$ cat input01.cif   # mmCIF, C-alpha atoms
data_work
#
loop_
_atom_site.label_atom_id
_atom_site.label_comp_id
_atom_site.auth_asym_id
_atom_site.auth_seq_id
_atom_site.Cartn_x
_atom_site.Cartn_y
_atom_site.Cartn_z
CA MET A 286 0.00 0.00 0.00
CA ALA A 287 1.26 3.49 -0.86
CA PHE A 288 2.30 5.92 1.86
CA LYS A 289 -0.71 7.93 3.08
CA HIS A 290 -0.35 11.65 3.67
CA LEU A 291 -2.33 12.25 6.85
CA ILE A 292 -0.53 15.55 7.28
CA ASP A 293 1.02 18.09 4.88
CA PRO A 294 2.19 16.15 1.79
CA LYS A 295 5.40 18.16 1.64
CA TYR A 296 6.57 15.63 4.24
CA VAL A 297 7.46 12.40 2.41
CA SER A 298 8.03 8.97 3.94
CA GLN A 299 11.75 9.69 4.46
CA ASP A 300 10.82 12.60 6.73
CA TYR A 301 9.20 10.26 9.29
CA PHE A 302 10.84 8.42 12.16
CA PRO A 303 9.45 6.32 15.04
CA ILE A 304 9.41 7.76 18.54
CA ASP A 305 9.23 5.79 21.79
CA LEU A 306 6.94 7.22 24.48
CA SER A 307 6.47 3.88 26.22
CA ILE A 308 7.22 2.78 29.76
CA ASP A 309 10.21 0.89 28.32
CA ASN A 310 11.98 4.15 27.49
CA SER A 311 13.95 5.03 30.64
CA PHE A 312 13.93 8.72 29.71
CA TRP A 313 10.28 8.88 30.78
CA ASP A 314 11.11 7.39 34.18
CA VAL A 315 12.43 10.79 35.23
CA ASN A 316 10.79 13.12 32.71
CA GLU A 317 7.16 13.93 31.94
CA VAL A 318 5.77 13.49 28.43
CA SER A 319 3.11 16.03 29.39
CA ASP A 320 5.74 18.70 30.18
CA ILE A 321 5.67 20.45 26.80
CA PRO A 322 9.12 22.14 26.95
CA VAL A 323 10.69 18.82 28.05
CA PHE A 324 8.90 16.92 25.33
CA GLU A 325 9.78 19.46 22.63
CA ARG A 326 13.48 19.31 23.57
CA TYR A 327 13.34 15.51 23.46
CA LEU A 328 11.56 15.61 20.11
CA GLN A 329 14.13 17.97 18.63
CA LYS A 330 16.98 15.74 19.84
CA GLN A 331 15.32 12.72 18.21
CA ARG A 332 14.91 14.67 14.97
CA VAL A 333 18.64 15.34 14.90
CA LEU A 334 19.56 11.75 15.81
CA ASN A 335 17.24 10.32 13.16
CA GLY A 336 17.91 12.91 10.47
CA ALA A 337 14.16 13.27 9.99
CA TYR A 338 11.47 15.68 11.16
CA ILE A 339 8.09 13.99 11.72
CA ALA A 340 7.82 11.65 14.69
CA HIS A 341 5.16 8.96 14.72
CA GLY A 342 4.10 5.89 16.66
CA GLY A 343 2.03 4.77 19.58
CA TYR A 344 -0.26 1.92 18.52
CA LEU A 345 -0.67 -0.39 21.57
CA GLU A 346 2.06 1.59 23.33
CA GLN A 347 1.85 1.45 27.12
CA ARG A 348 2.50 4.94 28.47
CA ALA A 349 3.16 6.05 32.04
CA LEU A 350 1.66 9.44 31.13
CA TYR A 351 -1.87 8.11 31.46
CA ARG A 352 -1.30 6.50 34.85
CA LYS A 353 -0.91 9.96 36.36
CA SER A 354 -4.19 11.31 35.03
CA ALA A 355 -7.51 10.76 36.78
CA ARG A 356 -9.15 10.89 33.34
CA PHE A 357 -7.72 7.49 32.45
CA GLN A 358 -8.18 5.77 35.79
CA THR A 359 -11.81 4.67 36.02
CA GLY A 360 -11.60 1.46 38.00
CA ARG A 361 -8.97 -0.04 35.70
CA ILE A 362 -5.54 1.31 34.79
CA ARG A 363 -6.04 2.66 31.27
CA ASP A 364 -2.56 3.28 29.89
CA VAL A 365 -2.41 1.62 26.45
CA HIS A 366 -2.58 4.01 23.51
CA MET A 367 -4.94 2.72 20.81
CA GLY A 368 -4.18 5.00 17.87
CA ILE A 369 -1.07 6.46 16.31
CA ASP A 370 0.32 9.93 16.93
CA ILE A 371 2.03 12.07 14.31
CA TRP A 372 4.00 14.96 15.81
CA ALA A 373 4.27 18.13 13.73
CA PRO A 374 3.98 21.90 14.32
CA ALA A 375 0.66 23.58 15.07
CA GLY A 376 -1.00 24.73 11.86
CA THR A 377 0.21 21.72 9.86
CA THR A 378 -2.55 20.57 7.53
CA VAL A 379 -4.41 17.32 8.24
CA HIS A 380 -5.75 15.28 5.32
CA ALA A 381 -8.56 12.75 4.86
CA PHE A 382 -7.41 9.14 5.00
CA MET A 383 -9.82 8.22 2.20
CA ASP A 384 -13.11 9.42 0.71
CA GLY A 385 -15.68 9.81 3.44
CA VAL A 386 -18.39 11.92 5.02
CA VAL A 387 -18.39 13.74 8.32
CA HIS A 388 -19.98 11.36 10.82
CA SER A 389 -19.64 13.68 13.83
CA PHE A 390 -17.36 16.14 15.58
CA ALA A 391 -16.90 17.70 19.00
CA HIS A 392 -14.66 19.94 21.06
CA HIS A 393 -13.37 18.17 24.18
CA GLU A 394 -12.08 21.14 26.12
CA ASP A 395 -10.86 19.49 29.34
CA ALA A 396 -7.16 18.93 29.93
CA GLY A 397 -5.76 15.68 28.59
CA ASN A 398 -8.62 15.15 26.16
CA TYR A 399 -8.72 15.29 22.35
CA GLY A 400 -9.60 18.96 21.96
CA PRO A 401 -11.37 19.51 18.59
CA THR A 402 -12.09 16.08 17.14
CA LEU A 403 -13.44 14.96 13.77
CA ILE A 404 -14.79 11.53 12.81
CA LEU A 405 -15.23 10.54 9.17
CA GLU A 406 -17.31 7.60 7.96
CA HIS A 407 -16.05 5.58 4.99
CA ASP A 408 -17.31 2.82 2.74
CA LEU A 409 -14.55 0.26 2.16
CA ASN A 410 -15.73 -2.44 -0.24
CA GLY A 411 -19.21 -2.33 1.24
CA GLU A 412 -18.03 -2.24 4.87
CA LYS A 413 -18.13 0.77 7.19
CA ARG A 414 -14.90 2.20 8.54
CA TYR A 415 -14.52 5.24 10.77
CA THR A 416 -11.44 7.43 11.19
CA LEU A 417 -10.85 9.72 14.14
CA TYR A 418 -8.65 12.83 13.99
CA GLY A 419 -7.90 14.40 17.35
CA HIS A 420 -6.05 17.48 18.69
CA LEU A 421 -7.12 19.79 15.86
CA SER A 422 -7.61 23.55 15.68
CA ILE A 423 -10.81 25.16 16.99
CA SER A 424 -11.02 27.37 13.89
CA ASP A 425 -11.46 24.28 11.70
CA MET A 426 -14.74 23.36 13.34
CA GLU A 427 -16.71 26.05 11.55
CA LYS A 428 -15.94 24.28 8.25
CA TRP A 429 -17.41 20.92 9.35
CA SER A 430 -21.00 19.73 9.02
CA VAL A 431 -22.44 16.26 9.42
CA GLY A 432 -22.75 14.55 6.05
CA TYR A 433 -20.23 16.77 4.29
CA ARG A 434 -18.05 14.71 1.95
CA PHE A 435 -14.27 14.95 1.92
CA ARG A 436 -12.21 13.36 -0.81
CA GLU A 437 -9.10 11.31 -0.11
CA SER A 438 -6.11 13.55 0.75
CA GLU A 439 -8.28 16.67 0.94
CA VAL A 440 -7.43 19.09 3.76
CA ILE A 441 -9.88 18.53 6.61
CA ALA A 442 -8.20 20.46 9.43
CA THR A 443 -4.96 21.78 10.91
CA LEU A 444 -3.12 20.76 14.06
CA GLY A 445 -4.08 22.74 17.14
CA LYS A 446 -1.92 24.59 19.62
CA PRO A 447 -1.51 23.22 23.18
CA GLU A 448 -4.05 25.69 24.58
CA GLU A 449 -6.76 24.26 22.32
CA ASN A 450 -5.71 20.63 21.73
CA GLY A 451 -6.07 19.24 25.25
CA GLY A 452 -2.75 20.56 26.52
CA TYR A 453 -0.31 18.54 24.41
CA SER A 454 2.58 19.35 22.11
CA PRO A 455 0.99 19.68 18.65
CA HIS A 456 0.24 16.33 17.06
CA LEU A 457 -2.44 14.31 15.31
CA HIS A 458 -4.08 11.39 17.08
CA PHE A 459 -5.41 9.05 14.38
CA GLN A 460 -7.26 5.78 14.65
CA ILE A 461 -9.40 3.51 12.48
CA MET A 462 -12.52 1.81 13.86
CA THR A 463 -14.74 -0.88 12.37
CA ASP A 464 -17.65 0.04 14.68
CA ILE A 465 -18.43 3.46 16.11
CA LYS A 466 -20.45 1.95 19.00
CA GLY A 467 -22.85 4.90 19.14
CA TYR A 468 -20.15 7.48 19.86
CA LYS A 469 -20.37 10.93 18.30
CA GLY A 470 -17.32 13.14 18.03
CA ASP A 471 -15.47 10.82 20.35
CA PHE A 472 -14.12 7.28 20.79
CA PRO A 473 -11.81 5.80 23.44
CA GLY A 474 -8.17 6.22 22.48
CA VAL A 475 -6.63 4.71 25.62
CA ALA A 476 -7.52 1.29 27.03
CA ALA A 477 -6.76 -0.97 29.97
CA THR A 478 -4.71 -4.10 29.32
CA GLU A 479 -7.75 -6.20 30.22
CA GLU A 480 -9.75 -4.52 27.45
CA LEU A 481 -7.22 -4.92 24.67
CA GLU A 482 -8.57 -8.07 23.03
CA ASP A 483 -12.01 -6.51 22.68
CA TYR A 484 -10.69 -3.15 21.46
CA LYS A 485 -8.29 -4.76 18.95
CA LYS A 486 -11.35 -6.21 17.19
CA ILE A 487 -12.71 -2.68 16.72
CA ILE A 488 -9.67 -0.38 16.55
CA LEU A 489 -7.37 -1.47 13.73
CA ASP A 490 -3.61 -1.05 13.62
CA PRO A 491 -3.29 2.03 11.37
CA ASN A 492 0.34 1.39 10.46
CA PRO A 493 -0.24 -1.01 7.54
CA PHE A 494 -2.78 1.44 6.09
CA VAL A 495 -0.62 4.56 6.51
CA PHE A 496 3.05 3.58 6.35
#

$ encode --input "input01.cif" --output "structure tokens"
Amino acid sequence: MAFKHLIDPKYVSQDYFPIDLSIDNSFWDVNEVSDIPVFERYLQKQRVLNGAYIAHGGYLEQRALYRKSARFQTGRIRDVHMGIDIWAPAGTTVHAFMDGVVHSFAHHEDAGNYGPTLILEHDLNGEKRYTLYGHLSISDMEKWSVGYRFRESEVIATLGKPEENGGYSPHLHFQIMTDIKGYKGDFPGVAATEELEDYKKIILDPNPFVF
């Protein structure tokens, strides 16, 4: 499958490199992913080491970040990231994964959440697929309406700043679902280990579809 441009197509496949935000990376034993200056310095160092600019990764990655947030601790320890993240500057364009219509959207304003979020509904060989794009810019929301059709690779949004994207360094959270389960403008992006087998039936690994 060809490389998919989920963000600005000026970045080609050679511009991407994997980043490790997992509990296995000892750097995060003493540093906070959520500390934006710390994370940005780490990101810049990784860019230099890898000779590339766009960091990506995160599917099924277990992250200590979520263990420290009450948002993700609701009876079970939810610390496994279910989508992929693509780290790029605020204002970077975000593009439709494939032809689809706007299923729903919402602005999740509270800290640690998705911020402005868009869900597209797709028809893939007669089967429904849903793609979620999180941490977008508030100004993009005025362009969205339920049922509006976007074409593959069309600009659908831009990456939001920390003050509007849930409080994170600018990045796209992207995931593919086979069932929307009644959600509108939202879908769980972090799961407990005990839930993984059920979620893996619904939330696909995006990597084979994107990279």

$ atom_distance --input "input01.cif" --atom1 "CA of Phe459 in chain A" --atom2 "CA of Asp408 in chain A"
17.8 Å

$ closest_residue --input "input01.cif" --among "A:Lys428, A:Lys330, A:His392, A:His341" --to "Pro491 in chain A" --atoms "all atoms listed in the file"
A:His341

$ atom_distance --input "input01.cif" --atom1 "CA of Lys469 in chain A" --atom2 "CA of Leu403 in chain A"
9.2 Å

$ closest_residue --input "input01.cif" --among "A:Arg363, A:Lys446, A:His407, A:His420" --to "Met462 in chain A" --atoms "all atoms listed in the file"
A:His407

$ resolve_selection --input "input01.cif" --expression "the PyMOL selection byres ((chain A and resi 476) around 6)" --output "list in words"
Arg363, Val365, Val475 and Ala477 of chain A

$ write_last_selection --input "input01.cif" --atoms "C-alpha atoms" --output "compact mmCIF listing (two decimals), keeping the file's coordinate frame"
# COMPACT_ATOMS: atom_id res chain seq x y z
CA ARG A 363 -6.04 2.66 31.27
CA VAL A 365 -2.41 1.62 26.45
CA VAL A 475 -6.63 4.71 25.62
CA ALA A 477 -6.76 -0.97 29.97

$ resolve_selection --input "input01.cif" --expression "the PyMOL selection byres ((chain A and resi 391) around 8)" --output "PyMOL selection string"
chain A and resi 389-390+392-393+400-403+469-471

$ residues_around --input "input01.cif" --residues "Tyr433 in chain A" --least-positions-apart "4" --cutoff "10 Å" --atoms "only C-alpha atoms" --output "list of chain:residue names"
A:Gly385, A:Val386, A:Val387, A:His388, A:Leu405, A:Lys428, A:Trp429

$ closest_residue --input "input01.cif" --among "A:Leu457, A:Leu350, A:Val333, A:Leu444" --to "Ser319 in chain A" --atoms "only C-alpha atoms"
A:Leu350

$ residues_around --input "input01.cif" --residues "range 306-312 of chain A" --least-positions-apart "4" --cutoff "9 Å" --atoms "only C-alpha atoms" --output "list in words"
Asn316, Glu317, Val318, Gly342, Gly343, Glu346, Gln347, Arg348, Ala349 and Leu350 of chain A

$ residues_around --input "input01.cif" --residues "Gln299 in chain A" --least-positions-apart "4" --cutoff "10 Å" --atoms "only C-alpha atoms" --output "PyMOL selection string"
chain A and resi 336-339

$ axis_aligned_box --input "input01.cif" --around "range 475-490 of chain A" --padding-each-side "4 Å" --output "AutoDock Vina command-line options"
--center_x -8.2 --center_y -1.7 --center_z 21.9 --size_x 17.1 --size_y 20.8 --size_z 24.6

$ atom_distance --input "input01.cif" --atom1 "CA of Met367 in chain A" --atom2 "CA of Ile488 in chain A"
7.1 Å

$ closest_residue --input "input01.cif" --among "A:Gly411, A:Gly445, A:Gly451, A:Gly419" --to "Pro374 in chain A" --atoms "only C-alpha atoms"
A:Gly445

$ closest_residue --input "input01.cif" --among "A:Phe435, A:Phe496, A:Tyr415, A:Phe302" --to "Tyr468 in chain A" --atoms "all atoms listed in the file"
A:Tyr415

$ closest_residue --input "input01.cif" --among "A:Ala396, A:Leu345, A:Ile423, A:Val440" --to "Gly452 in chain A" --atoms "only C-alpha atoms"
A:Ala396

$ residues_around --input "input01.cif" --residues "Ile487 in chain A" --least-positions-apart "3" --cutoff "7 Å" --atoms "only C-alpha atoms" --output "PDB file with C-alpha atoms, keeping the file's coordinate frame"
ATOM      1  CA  MET A 462     -12.520   1.810  13.860  1.00  0.00           C
ATOM      2  CA  THR A 463     -14.740  -0.880  12.370  1.00  0.00           C
ATOM      3  CA  ASP A 464     -17.650   0.040  14.680  1.00  0.00           C
ATOM      4  CA  TYR A 484     -10.690  -3.150  21.460  1.00  0.00           C
TER       5      TYR A 484
END

$ residues_near_point --input "input01.cif" --point "(-12.4, 12.6, 0.5)" --cutoff "9 Å" --atoms "all atoms listed in the file" --output "JSON, numbers by chain"
{"A": [380, 381, 382, 383, 384, 385, 386, 434, 435, 436, 437, 438, 439, 440, 441]}
